[in-house]
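J.: There's a structure below that I have some questions on.
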2 protein chains.
Amino acid sequence: MARRNDHSREELHEMALSAAQILLDEQGVTALSTRKVAAAIGYSVGSLYQLFKNLDDLCWQLNARTLEQFQAEVNAIPAEQPREIILGYGRAYLEFAHRWPHRWHLLFEHKSQASEIPDELQGKIAGMFEYLEGALAQLFPGAEADSLQRSARTLWAAVHGIAVLASLDKLFLNQPALEQQMLNEVIGRYLNGWQQENMA
Amino acid sequence: MARRNDHSREELHEMALSAAQILLDEQGVTALSTRKVAAAIGYSVGSLYQLFKNLDDLCWQLNARTLEQFQAEVNAIPAEQPREIILGYGRAYLEFAHRWPHRWHLLFEHKSQASEIPDELQGKIAGMFEYLEGALAQLFPGAEADSLQRSARTLWAAVHGIAVLASLDKLFLNQPALEQQMLNEVIGRYLNGWQQENMA
DNA sequence: CAAAATAATTAAACACTGTTTAATAAAATC
DNA sequence: GATTTTATTAAACAGTGTTTAATTATTTTG
């Protein structure tokens with residue numbers, strides 16, 4: 001039943017990733033299994049292992065796609081004032097986590113942490129930090145590189161924390177537009193507090 | 001081979017939870033299986049299902065223990081100035097996540113979210129928010145209840161975000177005492193920024 | 001062009017997982 | 001002491017990731 005020329009290696013690779021993404025979107029991280037992906041593309045599990053080192057490898061590649069997609073959305077944000085850039089980034093982050101809950105979940109699954117992060121992905125993440133660092137550098141021209149790098153991560157951690165707890169339903173608070181308000185407040189107050197330091 | 005009077009139901013329950021906790025601490029979330037817990041206490045899996053509804057139930061009870069332990073540590077923080085209380089809470093949180101990485105990981109495993117959060121646990125979490133809200137209320141006597149509740153969650157989310165990304169090794173930055181600095185800055189700047197709002 | 005080498009594909013197996021079931025052994029009740 | 005209730009277990013079911021050996025298709029070689 002082998003049929004090598006039905007699809008090239010590249011086509012198969014693409015088919016598998018697409019099928020996996022659909023499975024992920026529709027049924028969540030736990031439904032993402034080698035057998036289901038194989039069945040979805042009409043091949044056996046063994047053939048999947050010809051295309052991917054293992055399931056973790058497939059997940060990393062899925063994560064790379066997710067990051068590319070998010071990065072494209074972030075790049076589409078009009079570059080206005082630095083504060084608006086940072087806020088826009090946070091909004092995009094929260095919105096993305098809501099729109100693609102399972103893709104976003106897979107990004108931070110501890111399981112994937114078992115194997116080491118591929119260099120390619122690490123580069124993508126670093127690029128996104130630089131985006132934030134650039135906006136912060138505009139706001140704080142006198143700040144040291146260390147400080148800017150740390151602050152970019154701190155702001156990202158804060159936004160990420162909001163997204164995590166919201167997705168886990170662990171905020172236990174019914175307020176209208178809760179996440180949006182939390183986002184506005186944490187970024188606004190953080191930046192104001194920092195500016196205040198520089199004036200004293 | 002049944003031996004009903006070797007251990008009472010309560011003893012068995014305690015033995016199972018303790019064994020599960022050791023397994024969790026030593027081998028991580030993925031190693032926490034019904035068969036391993038059963039083997040550790042010298043009973044069959046079936047007997048475990050007499051004590052717990054399922055593995056998720058066992059995990060919830062493990063999480064309840066973890067929260068109790070953390071709450072005890074938080075309560076041991078000397079009640080000083082409100083800012084020190086909030087900072088102390090954040091420090092305790094980061095420290096706890098480092099000292100008990102797997103217990104802390106289990107707390108936020110999405111898997112456990114499949115079944116609903118037991119009321120008991122929900123109450124424990126609410127209690128911890130109140131702790132933060134109390135300190136914030138001292139700093140901002142004029143603030144509305146809504147605002148205090150939201151801010152407590154925002155600060156928690158920020159600290160949680162730092163802990164998550166640090167535990168996932170996703171900060172990609174080698175700075176001495178990075179997490180501590182991020183913590184100090186996010187709390188300090190947030191509170192300063194808020195105070196600034198009230199003066200304007 | 002046919003034969004040999006290579007590579008892809010698959011079915012089956014292995015070692016796990018959570019959970020359920022039927023049979024058995026022990027304790028409690030009558 | 002006989003009967004009912006309960007605890008316990010081994011076995012089974014349906015999954016999982018991954019590996020293996022055998023088969024089939026394609027390429028390369030003679």
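Chain identifiers are assigned as A, B, and so on, following the order in which chains appear in the structure tokens; residues are numbered from 1 within each chain, and ligands are numbered from 1 in order of appearance.
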Can you superpose chain A onto chain B by least squares over all C-alpha atoms paired in order and give the moved copy as a PDB file with C-alpha atoms, in the first residue's frame?

T.:
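Here's the written file superposed27.pdb:
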ATOM      1  CA  MET A   1      -5.070 -10.766  49.404  1.00  0.00           C
ATOM      2  CA  ALA A   2      -7.533  -8.219  50.642  1.00  0.00           C
ATOM      3  CA  ARG A   3      -6.754  -6.922  54.106  1.00  0.00           C
ATOM      4  CA  ARG A   4      -9.307  -4.467  55.179  1.00  0.00           C
ATOM      5  CA  ASN A   5      -8.098  -3.964  58.707  1.00  0.00           C
ATOM      6  CA  ASP A   6      -4.480  -3.264  57.919  1.00  0.00           C
ATOM      7  CA  HIS A   7      -5.360   0.373  57.312  1.00  0.00           C
ATOM      8  CA  SER A   8      -8.514   2.351  57.783  1.00  0.00           C
ATOM      9  CA  ARG A   9     -10.034   4.208  54.899  1.00  0.00           C
ATOM     10  CA  GLU A  10      -8.604   7.434  56.290  1.00  0.00           C
ATOM     11  CA  GLU A  11      -5.147   5.956  56.668  1.00  0.00           C
ATOM     12  CA  LEU A  12      -5.215   4.655  53.129  1.00  0.00           C
ATOM     13  CA  HIS A  13      -6.321   8.030  51.856  1.00  0.00           C
ATOM     14  CA  GLU A  14      -3.445   9.687  53.654  1.00  0.00           C
ATOM     15  CA  MET A  15      -0.947   7.077  52.452  1.00  0.00           C
ATOM     16  CA  ALA A  16      -2.044   7.532  48.851  1.00  0.00           C
ATOM     17  CA  LEU A  17      -1.802  11.318  48.967  1.00  0.00           C
ATOM     18  CA  SER A  18       1.623  11.197  50.590  1.00  0.00           C
ATOM     19  CA  ALA A  19       2.904   8.670  48.087  1.00  0.00           C
ATOM     20  CA  ALA A  20       1.537  10.766  45.252  1.00  0.00           C
ATOM     21  CA  GLN A  21       3.233  13.864  46.607  1.00  0.00           C
ATOM     22  CA  ILE A  22       6.595  12.117  46.847  1.00  0.00           C
ATOM     23  CA  LEU A  23       6.170  10.791  43.325  1.00  0.00           C
ATOM     24  CA  LEU A  24       5.275  14.276  42.148  1.00  0.00           C
ATOM     25  CA  ASP A  25       8.202  15.934  43.900  1.00  0.00           C
ATOM     26  CA  GLU A  26      10.755  13.397  42.746  1.00  0.00           C
ATOM     27  CA  GLN A  27       9.625  12.646  39.215  1.00  0.00           C
ATOM     28  CA  GLY A  28       7.298  15.399  38.117  1.00  0.00           C
ATOM     29  CA  VAL A  29       3.747  15.703  36.912  1.00  0.00           C
ATOM     30  CA  THR A  30       4.072  13.195  34.071  1.00  0.00           C
ATOM     31  CA  ALA A  31       5.192  10.459  36.482  1.00  0.00           C
ATOM     32  CA  LEU A  32       2.057  10.821  38.554  1.00  0.00           C
ATOM     33  CA  SER A  33       0.095   7.737  37.520  1.00  0.00           C
ATOM     34  CA  THR A  34      -2.539   5.651  39.245  1.00  0.00           C
ATOM     35  CA  ARG A  35      -0.490   2.495  38.892  1.00  0.00           C
ATOM     36  CA  LYS A  36       2.605   4.060  40.444  1.00  0.00           C
ATOM     37  CA  VAL A  37       0.687   5.495  43.386  1.00  0.00           C
ATOM     38  CA  ALA A  38      -1.038   2.157  43.930  1.00  0.00           C
ATOM     39  CA  ALA A  39       2.254   0.291  43.798  1.00  0.00           C
ATOM     40  CA  ALA A  40       3.819   2.764  46.230  1.00  0.00           C
ATOM     41  CA  ILE A  41       1.229   2.017  48.903  1.00  0.00           C
ATOM     42  CA  GLY A  42       1.113  -1.703  48.161  1.00  0.00           C
ATOM     43  CA  TYR A  43      -2.425  -1.837  46.832  1.00  0.00           C
ATOM     44  CA  SER A  44      -3.967  -2.324  43.419  1.00  0.00           C
ATOM     45  CA  VAL A  45      -5.280   0.449  41.195  1.00  0.00           C
ATOM     46  CA  GLY A  46      -8.830  -0.617  41.912  1.00  0.00           C
ATOM     47  CA  SER A  47      -8.407   0.246  45.578  1.00  0.00           C
ATOM     48  CA  LEU A  48      -7.244   3.723  44.614  1.00  0.00           C
ATOM     49  CA  TYR A  49     -10.527   4.251  42.823  1.00  0.00           C
ATOM     50  CA  GLN A  50     -12.258   3.447  46.095  1.00  0.00           C
ATOM     51  CA  LEU A  51     -10.497   6.427  47.647  1.00  0.00           C
ATOM     52  CA  PHE A  52     -10.572   8.906  44.756  1.00  0.00           C
ATOM     53  CA  LYS A  53     -13.118   9.510  42.042  1.00  0.00           C
ATOM     54  CA  ASN A  54     -10.288   9.475  39.505  1.00  0.00           C
ATOM     55  CA  LEU A  55      -6.768  10.763  38.989  1.00  0.00           C
ATOM     56  CA  ASP A  56      -8.033  14.305  38.568  1.00  0.00           C
ATOM     57  CA  ASP A  57      -9.697  14.106  41.958  1.00  0.00           C
ATOM     58  CA  LEU A  58      -6.426  12.984  43.501  1.00  0.00           C
ATOM     59  CA  CYS A  59      -4.648  15.879  41.806  1.00  0.00           C
ATOM     60  CA  TRP A  60      -7.170  18.372  43.148  1.00  0.00           C
ATOM     61  CA  GLN A  61      -6.586  17.102  46.645  1.00  0.00           C
ATOM     62  CA  LEU A  62      -2.855  17.320  46.123  1.00  0.00           C
ATOM     63  CA  ASN A  63      -3.359  20.895  44.960  1.00  0.00           C
ATOM     64  CA  ALA A  64      -5.388  21.671  48.060  1.00  0.00           C
ATOM     65  CA  ARG A  65      -2.447  20.537  50.168  1.00  0.00           C
ATOM     66  CA  THR A  66      -0.074  22.650  48.141  1.00  0.00           C
ATOM     67  CA  LEU A  67      -2.239  25.720  48.595  1.00  0.00           C
ATOM     68  CA  GLU A  68      -2.496  25.089  52.333  1.00  0.00           C
ATOM     69  CA  GLN A  69       1.258  24.857  52.559  1.00  0.00           C
ATOM     70  CA  PHE A  70       1.761  28.061  50.611  1.00  0.00           C
ATOM     71  CA  GLN A  71      -0.871  29.853  52.629  1.00  0.00           C
ATOM     72  CA  ALA A  72       0.915  28.837  55.841  1.00  0.00           C
ATOM     73  CA  GLU A  73       4.137  30.314  54.486  1.00  0.00           C
ATOM     74  CA  VAL A  74       2.405  33.514  53.488  1.00  0.00           C
ATOM     75  CA  ASN A  75       0.794  33.803  56.911  1.00  0.00           C
ATOM     76  CA  ALA A  76       4.256  33.555  58.455  1.00  0.00           C
ATOM     77  CA  ILE A  77       5.341  36.750  56.714  1.00  0.00           C
ATOM     78  CA  PRO A  78       5.532  39.503  59.334  1.00  0.00           C
ATOM     79  CA  ALA A  79       2.793  42.027  58.704  1.00  0.00           C
ATOM     80  CA  GLU A  80       4.679  45.249  58.138  1.00  0.00           C
ATOM     81  CA  GLN A  81       3.935  48.113  55.838  1.00  0.00           C
ATOM     82  CA  PRO A  82       1.482  47.271  53.033  1.00  0.00           C
ATOM     83  CA  ARG A  83       4.145  47.596  50.351  1.00  0.00           C
ATOM     84  CA  GLU A  84       6.322  45.167  52.245  1.00  0.00           C
ATOM     85  CA  ILE A  85       3.408  42.783  52.584  1.00  0.00           C
ATOM     86  CA  ILE A  86       2.774  42.804  48.855  1.00  0.00           C
ATOM     87  CA  LEU A  87       6.456  42.403  48.055  1.00  0.00           C
ATOM     88  CA  GLY A  88       6.759  39.645  50.623  1.00  0.00           C
ATOM     89  CA  TYR A  89       3.852  37.861  49.026  1.00  0.00           C
ATOM     90  CA  GLY A  90       5.494  38.024  45.624  1.00  0.00           C
ATOM     91  CA  ARG A  91       8.819  36.850  47.005  1.00  0.00           C
ATOM     92  CA  ALA A  92       7.131  33.959  48.773  1.00  0.00           C
ATOM     93  CA  TYR A  93       5.369  33.060  45.541  1.00  0.00           C
ATOM     94  CA  LEU A  94       8.532  32.982  43.446  1.00  0.00           C
ATOM     95  CA  GLU A  95      10.427  31.149  46.139  1.00  0.00           C
ATOM     96  CA  PHE A  96       7.716  28.546  46.489  1.00  0.00           C
ATOM     97  CA  ALA A  97       7.618  27.957  42.739  1.00  0.00           C
ATOM     98  CA  HIS A  98      11.363  27.355  42.837  1.00  0.00           C
ATOM     99  CA  ARG A  99      11.381  25.118  45.861  1.00  0.00           C
ATOM    100  CA  TRP A 100       8.446  22.951  44.781  1.00  0.00           C
ATOM    101  CA  PRO A 101       8.485  23.194  41.013  1.00  0.00           C
ATOM    102  CA  HIS A 102       6.321  20.146  40.414  1.00  0.00           C
ATOM    103  CA  ARG A 103       3.729  20.912  43.059  1.00  0.00           C
ATOM    104  CA  TRP A 104       3.471  24.382  41.664  1.00  0.00           C
ATOM    105  CA  HIS A 105       3.302  23.040  38.118  1.00  0.00           C
ATOM    106  CA  LEU A 106       0.408  20.746  39.005  1.00  0.00           C
ATOM    107  CA  LEU A 107      -1.527  23.725  40.353  1.00  0.00           C
ATOM    108  CA  PHE A 108      -1.705  25.261  36.911  1.00  0.00           C
ATOM    109  CA  GLU A 109      -1.859  22.188  34.748  1.00  0.00           C
ATOM    110  CA  HIS A 110      -4.557  22.690  32.178  1.00  0.00           C
ATOM    111  CA  LYS A 111      -5.455  19.022  32.442  1.00  0.00           C
ATOM    112  CA  SER A 112      -6.851  19.542  35.915  1.00  0.00           C
ATOM    113  CA  GLN A 113      -9.032  22.215  34.427  1.00  0.00           C
ATOM    114  CA  ALA A 114     -10.969  19.533  32.546  1.00  0.00           C
ATOM    115  CA  SER A 115     -13.061  18.823  35.619  1.00  0.00           C
ATOM    116  CA  GLU A 116     -14.444  21.737  37.551  1.00  0.00           C
ATOM    117  CA  ILE A 117     -12.581  23.341  40.408  1.00  0.00           C
ATOM    118  CA  PRO A 118     -13.877  22.009  43.746  1.00  0.00           C
ATOM    119  CA  ASP A 119     -15.537  24.630  45.930  1.00  0.00           C
ATOM    120  CA  GLU A 120     -13.046  24.011  48.705  1.00  0.00           C
ATOM    121  CA  LEU A 121     -10.125  24.971  46.493  1.00  0.00           C
ATOM    122  CA  GLN A 122     -11.948  27.955  45.063  1.00  0.00           C
ATOM    123  CA  GLY A 123     -12.406  29.220  48.591  1.00  0.00           C
ATOM    124  CA  LYS A 124      -8.716  28.857  49.359  1.00  0.00           C
ATOM    125  CA  ILE A 125      -7.802  30.873  46.293  1.00  0.00           C
ATOM    126  CA  ALA A 126     -10.315  33.572  47.128  1.00  0.00           C
ATOM    127  CA  GLY A 127      -8.778  33.808  50.600  1.00  0.00           C
ATOM    128  CA  MET A 128      -5.388  34.492  49.131  1.00  0.00           C
ATOM    129  CA  PHE A 129      -6.759  37.282  46.983  1.00  0.00           C
ATOM    130  CA  GLU A 130      -8.277  38.879  50.053  1.00  0.00           C
ATOM    131  CA  TYR A 131      -4.833  38.935  51.606  1.00  0.00           C
ATOM    132  CA  LEU A 132      -3.572  41.095  48.766  1.00  0.00           C
ATOM    133  CA  GLU A 133      -6.709  43.190  48.650  1.00  0.00           C
ATOM    134  CA  GLY A 134      -6.264  44.005  52.325  1.00  0.00           C
ATOM    135  CA  ALA A 135      -2.766  45.336  51.780  1.00  0.00           C
ATOM    136  CA  LEU A 136      -3.880  47.348  48.769  1.00  0.00           C
ATOM    137  CA  ALA A 137      -6.791  48.809  50.712  1.00  0.00           C
ATOM    138  CA  GLN A 138      -4.322  50.178  53.242  1.00  0.00           C
ATOM    139  CA  LEU A 139      -2.334  51.837  50.480  1.00  0.00           C
ATOM    140  CA  PHE A 140      -5.380  53.191  48.666  1.00  0.00           C
ATOM    141  CA  PRO A 141      -8.045  53.945  51.251  1.00  0.00           C
ATOM    142  CA  GLY A 142     -10.193  55.782  48.755  1.00  0.00           C
ATOM    143  CA  ALA A 143     -10.251  53.033  46.126  1.00  0.00           C
ATOM    144  CA  GLU A 144     -13.463  51.241  45.179  1.00  0.00           C
ATOM    145  CA  ALA A 145     -13.863  47.552  46.006  1.00  0.00           C
ATOM    146  CA  ASP A 146     -13.958  46.739  42.272  1.00  0.00           C
ATOM    147  CA  SER A 147     -10.679  48.461  41.732  1.00  0.00           C
ATOM    148  CA  LEU A 148      -8.986  46.751  44.669  1.00  0.00           C
ATOM    149  CA  GLN A 149     -10.158  43.318  43.587  1.00  0.00           C
ATOM    150  CA  ARG A 150      -9.004  43.885  40.050  1.00  0.00           C
ATOM    151  CA  SER A 151      -5.632  45.233  41.165  1.00  0.00           C
ATOM    152  CA  ALA A 152      -5.018  42.285  43.465  1.00  0.00           C
ATOM    153  CA  ARG A 153      -5.552  39.996  40.498  1.00  0.00           C
ATOM    154  CA  THR A 154      -3.417  42.106  38.233  1.00  0.00           C
ATOM    155  CA  LEU A 155      -0.494  42.041  40.646  1.00  0.00           C
ATOM    156  CA  TRP A 156      -0.920  38.331  41.151  1.00  0.00           C
ATOM    157  CA  ALA A 157      -1.034  37.788  37.392  1.00  0.00           C
ATOM    158  CA  ALA A 158       2.175  39.762  36.983  1.00  0.00           C
ATOM    159  CA  VAL A 159       3.991  37.756  39.640  1.00  0.00           C
ATOM    160  CA  HIS A 160       2.556  34.539  38.282  1.00  0.00           C
ATOM    161  CA  GLY A 161       3.703  35.436  34.797  1.00  0.00           C
ATOM    162  CA  ILE A 162       7.264  35.890  36.039  1.00  0.00           C
ATOM    163  CA  ALA A 163       7.141  32.514  37.781  1.00  0.00           C
ATOM    164  CA  VAL A 164       5.707  30.766  34.720  1.00  0.00           C
ATOM    165  CA  LEU A 165       8.188  32.121  32.233  1.00  0.00           C
ATOM    166  CA  ALA A 166      11.097  31.540  34.589  1.00  0.00           C
ATOM    167  CA  SER A 167      10.041  27.948  35.177  1.00  0.00           C
ATOM    168  CA  LEU A 168       9.717  27.398  31.424  1.00  0.00           C
ATOM    169  CA  ASP A 169      13.128  28.992  30.872  1.00  0.00           C
ATOM    170  CA  LYS A 170      11.538  31.419  28.496  1.00  0.00           C
ATOM    171  CA  LEU A 171      13.030  34.669  29.736  1.00  0.00           C
ATOM    172  CA  PHE A 172      16.198  34.216  27.670  1.00  0.00           C
ATOM    173  CA  LEU A 173      18.201  36.648  29.717  1.00  0.00           C
ATOM    174  CA  ASN A 174      21.171  36.098  31.974  1.00  0.00           C
ATOM    175  CA  GLN A 175      21.044  38.776  34.595  1.00  0.00           C
ATOM    176  CA  PRO A 176      21.890  38.322  38.251  1.00  0.00           C
ATOM    177  CA  ALA A 177      18.784  37.939  40.427  1.00  0.00           C
ATOM    178  CA  LEU A 178      16.637  38.531  37.358  1.00  0.00           C
ATOM    179  CA  GLU A 179      13.370  37.339  38.838  1.00  0.00           C
ATOM    180  CA  GLN A 180      13.850  39.324  42.035  1.00  0.00           C
ATOM    181  CA  GLN A 181      14.506  42.487  40.080  1.00  0.00           C
ATOM    182  CA  MET A 182      11.533  41.921  37.818  1.00  0.00           C
ATOM    183  CA  LEU A 183       9.376  41.389  40.879  1.00  0.00           C
ATOM    184  CA  ASN A 184      10.609  44.534  42.636  1.00  0.00           C
ATOM    185  CA  GLU A 185      10.178  46.621  39.528  1.00  0.00           C
ATOM    186  CA  VAL A 186       6.737  45.427  38.534  1.00  0.00           C
ATOM    187  CA  ILE A 187       5.296  45.870  42.013  1.00  0.00           C
ATOM    188  CA  GLY A 188       7.128  49.087  42.796  1.00  0.00           C
ATOM    189  CA  ARG A 189       6.318  50.761  39.501  1.00  0.00           C
ATOM    190  CA  TYR A 190       2.724  49.554  39.486  1.00  0.00           C
ATOM    191  CA  LEU A 191       2.066  50.950  42.937  1.00  0.00           C
ATOM    192  CA  ASN A 192       3.900  54.204  42.214  1.00  0.00           C
ATOM    193  CA  GLY A 193       1.977  54.598  38.995  1.00  0.00           C
ATOM    194  CA  TRP A 194      -1.268  54.057  40.811  1.00  0.00           C
ATOM    195  CA  GLN A 195      -0.426  56.572  43.517  1.00  0.00           C
ATOM    196  CA  GLN A 196       0.399  59.060  40.823  1.00  0.00           C
ATOM    197  CA  GLU A 197      -3.102  58.620  39.352  1.00  0.00           C
ATOM    198  CA  ASN A 198      -4.609  59.571  42.699  1.00  0.00           C
ATOM    199  CA  MET A 199      -2.590  62.756  42.915  1.00  0.00           C
ATOM    200  CA  ALA A 200      -3.442  64.088  39.502  1.00  0.00           C
TER     201      ALA A 200
END

J.: Got a sec: who's within 12 Å of DC13 in chain D, counting only C-alpha atoms (C1' of nucleotides), leaving out chain neighbours fewer than 5 positions off, as number ranges by chain?

T.: C: 18-21

J.: Between C:DA8, C:DC14, C:DA2, C:DA27, which has the minimum distance to chain A (counting only C-alpha atoms (C1' of nucleotides))?

T.: C:DA8

J.: Select from range 104-200 of chain A everything DSSP, run on the backbone, classes as alpha helix (DSSP H), then give the selection as a PyMOL selection string.

T.: chain A and resi 104-107+119-139+145-167+178-199

J.: Identify all chain D residues at most 9 Å from chain A by counting only C-alpha atoms (C1' of nucleotides); ligands do not count. Present them as a ChimeraX atom specification.

T.: /D:16-18,24-26

J.: Write out the residues from the selection above, keeping all heavy atoms, as a CSV table (one decimal), in the first residue's frame.

T.:
chain,number,residue,atom,x,y,z
D,16,DT,P,-5.3,7.8,20.9
D,16,DT,OP1,-5.7,9.1,20.5
D,16,DT,OP2,-5.2,6.7,19.9
D,16,DT,O5',-3.9,7.9,21.7
D,16,DT,C5',-3.7,8.8,22.8
D,16,DT,C4',-2.4,8.5,23.5
D,16,DT,O4',-2.4,7.2,24.1
D,16,DT,C3',-1.2,8.4,22.6
D,16,DT,O3',-0.8,9.7,22.3
D,16,DT,C2',-0.2,7.7,23.4
D,16,DT,C1',-1.1,6.7,24.2
D,16,DT,N1,-1.1,5.3,23.6
D,16,DT,C2,0.0,4.5,23.9
D,16,DT,O2,0.9,4.9,24.6
D,16,DT,N3,-0.1,3.2,23.4
D,16,DT,C4,-1.1,2.7,22.6
D,16,DT,O4,-1.1,1.6,22.2
D,16,DT,C5,-2.2,3.6,22.4
D,16,DT,C7,-3.4,3.2,21.5
D,16,DT,C6,-2.1,4.9,22.9
D,17,DG,P,0.3,9.9,21.0
D,17,DG,OP1,0.4,11.4,20.8
D,17,DG,OP2,-0.2,9.1,19.9
D,17,DG,O5',1.7,9.4,21.6
D,17,DG,C5',2.4,10.1,22.6
D,17,DG,C4',3.7,9.5,22.8
D,17,DG,O4',3.6,8.1,23.0
D,17,DG,C3',4.7,9.6,21.6
D,17,DG,O3',6.0,9.8,22.0
D,17,DG,C2',4.5,8.3,20.9
D,17,DG,C1',4.3,7.3,22.0
D,17,DG,N9,3.4,6.2,21.6
D,17,DG,C8,2.2,6.2,21.0
D,17,DG,N7,1.7,5.0,20.8
D,17,DG,C5,2.6,4.2,21.3
D,17,DG,C6,2.6,2.7,21.3
D,17,DG,O6,1.8,2.0,20.9
D,17,DG,N1,3.8,2.2,21.9
D,17,DG,C2,4.8,3.0,22.4
D,17,DG,N2,5.8,2.3,22.9
D,17,DG,N3,4.8,4.3,22.3
D,17,DG,C4,3.7,4.8,21.8
D,18,DT,P,7.1,10.1,20.9
D,18,DT,OP1,8.3,10.8,21.6
D,18,DT,OP2,6.5,10.6,19.7
D,18,DT,O5',7.6,8.6,20.6
D,18,DT,C5',8.1,7.8,21.7
D,18,DT,C4',8.5,6.4,21.2
D,18,DT,O4',7.3,5.7,20.9
D,18,DT,C3',9.4,6.4,19.9
D,18,DT,O3',10.6,5.8,20.3
D,18,DT,C2',8.6,5.5,18.9
D,18,DT,C1',7.6,4.8,19.9
D,18,DT,N1,6.4,4.3,19.2
D,18,DT,C2,6.1,3.0,19.2
D,18,DT,O2,6.8,2.1,19.6
D,18,DT,N3,4.9,2.6,18.6
D,18,DT,C4,4.0,3.5,18.0
D,18,DT,O4,2.9,3.1,17.5
D,18,DT,C5,4.3,4.9,18.1
D,18,DT,C7,3.4,5.9,17.5
D,18,DT,C6,5.5,5.2,18.7
D,24,DT,P,3.8,-7.3,-0.2
D,24,DT,OP1,2.4,-7.7,-0.1
D,24,DT,OP2,4.8,-8.2,-0.8
D,24,DT,O5',3.8,-5.9,-1.0
D,24,DT,C5',3.3,-4.7,-0.4
D,24,DT,C4',4.0,-3.5,-0.9
D,24,DT,O4',5.4,-3.5,-0.3
D,24,DT,C3',4.2,-3.4,-2.4
D,24,DT,O3',3.5,-2.3,-2.9
D,24,DT,C2',5.7,-3.3,-2.6
D,24,DT,C1',6.2,-2.8,-1.2
D,24,DT,N1,7.6,-3.1,-0.9
D,24,DT,C2,8.4,-2.0,-0.6
D,24,DT,O2,8.1,-0.9,-0.7
D,24,DT,N3,9.7,-2.4,-0.3
D,24,DT,C4,10.2,-3.6,-0.2
D,24,DT,O4,11.4,-3.8,0.1
D,24,DT,C5,9.3,-4.7,-0.4
D,24,DT,C7,9.8,-6.1,-0.3
D,24,DT,C6,8.0,-4.4,-0.8
D,25,DA,P,3.3,-2.0,-4.4
D,25,DA,OP1,1.9,-1.6,-4.6
D,25,DA,OP2,3.8,-3.2,-5.1
D,25,DA,O5',4.3,-0.8,-4.7
D,25,DA,C5',4.1,0.4,-3.9
D,25,DA,C4',5.3,1.2,-4.1
D,25,DA,O4',6.5,0.5,-3.5
D,25,DA,C3',5.7,1.6,-5.5
D,25,DA,O3',5.8,3.0,-5.6
D,25,DA,C2',7.1,0.9,-5.7
D,25,DA,C1',7.6,0.8,-4.3
D,25,DA,N9,8.5,-0.3,-4.1
D,25,DA,C8,8.3,-1.7,-4.2
D,25,DA,N7,9.3,-2.4,-3.9
D,25,DA,C5,10.3,-1.5,-3.6
D,25,DA,C6,11.6,-1.7,-3.2
D,25,DA,N6,12.2,-2.9,-3.1
D,25,DA,N1,12.4,-0.6,-3.0
D,25,DA,C2,11.8,0.6,-3.1
D,25,DA,N3,10.5,0.9,-3.4
D,25,DA,C4,9.8,-0.2,-3.7
D,26,DT,P,5.8,3.7,-7.0
D,26,DT,OP1,5.0,5.0,-6.9
D,26,DT,OP2,5.6,2.7,-8.0
D,26,DT,O5',7.4,4.2,-7.1
D,26,DT,C5',7.9,5.1,-6.1
D,26,DT,C4',9.4,5.0,-6.1
D,26,DT,O4',9.8,3.6,-5.9
D,26,DT,C3',10.1,5.4,-7.3
D,26,DT,O3',10.8,6.6,-7.0
D,26,DT,C2',11.0,4.3,-7.7
D,26,DT,C1',11.1,3.5,-6.4
D,26,DT,N1,11.4,2.0,-6.5
D,26,DT,C2,12.6,1.6,-6.1
D,26,DT,O2,13.5,2.3,-5.6
D,26,DT,N3,12.8,0.2,-6.2
D,26,DT,C4,11.9,-0.7,-6.7
D,26,DT,O4,12.2,-1.9,-6.7
D,26,DT,C5,10.7,-0.2,-7.1
D,26,DT,C7,9.6,-1.1,-7.6
D,26,DT,C6,10.5,1.2,-7.0
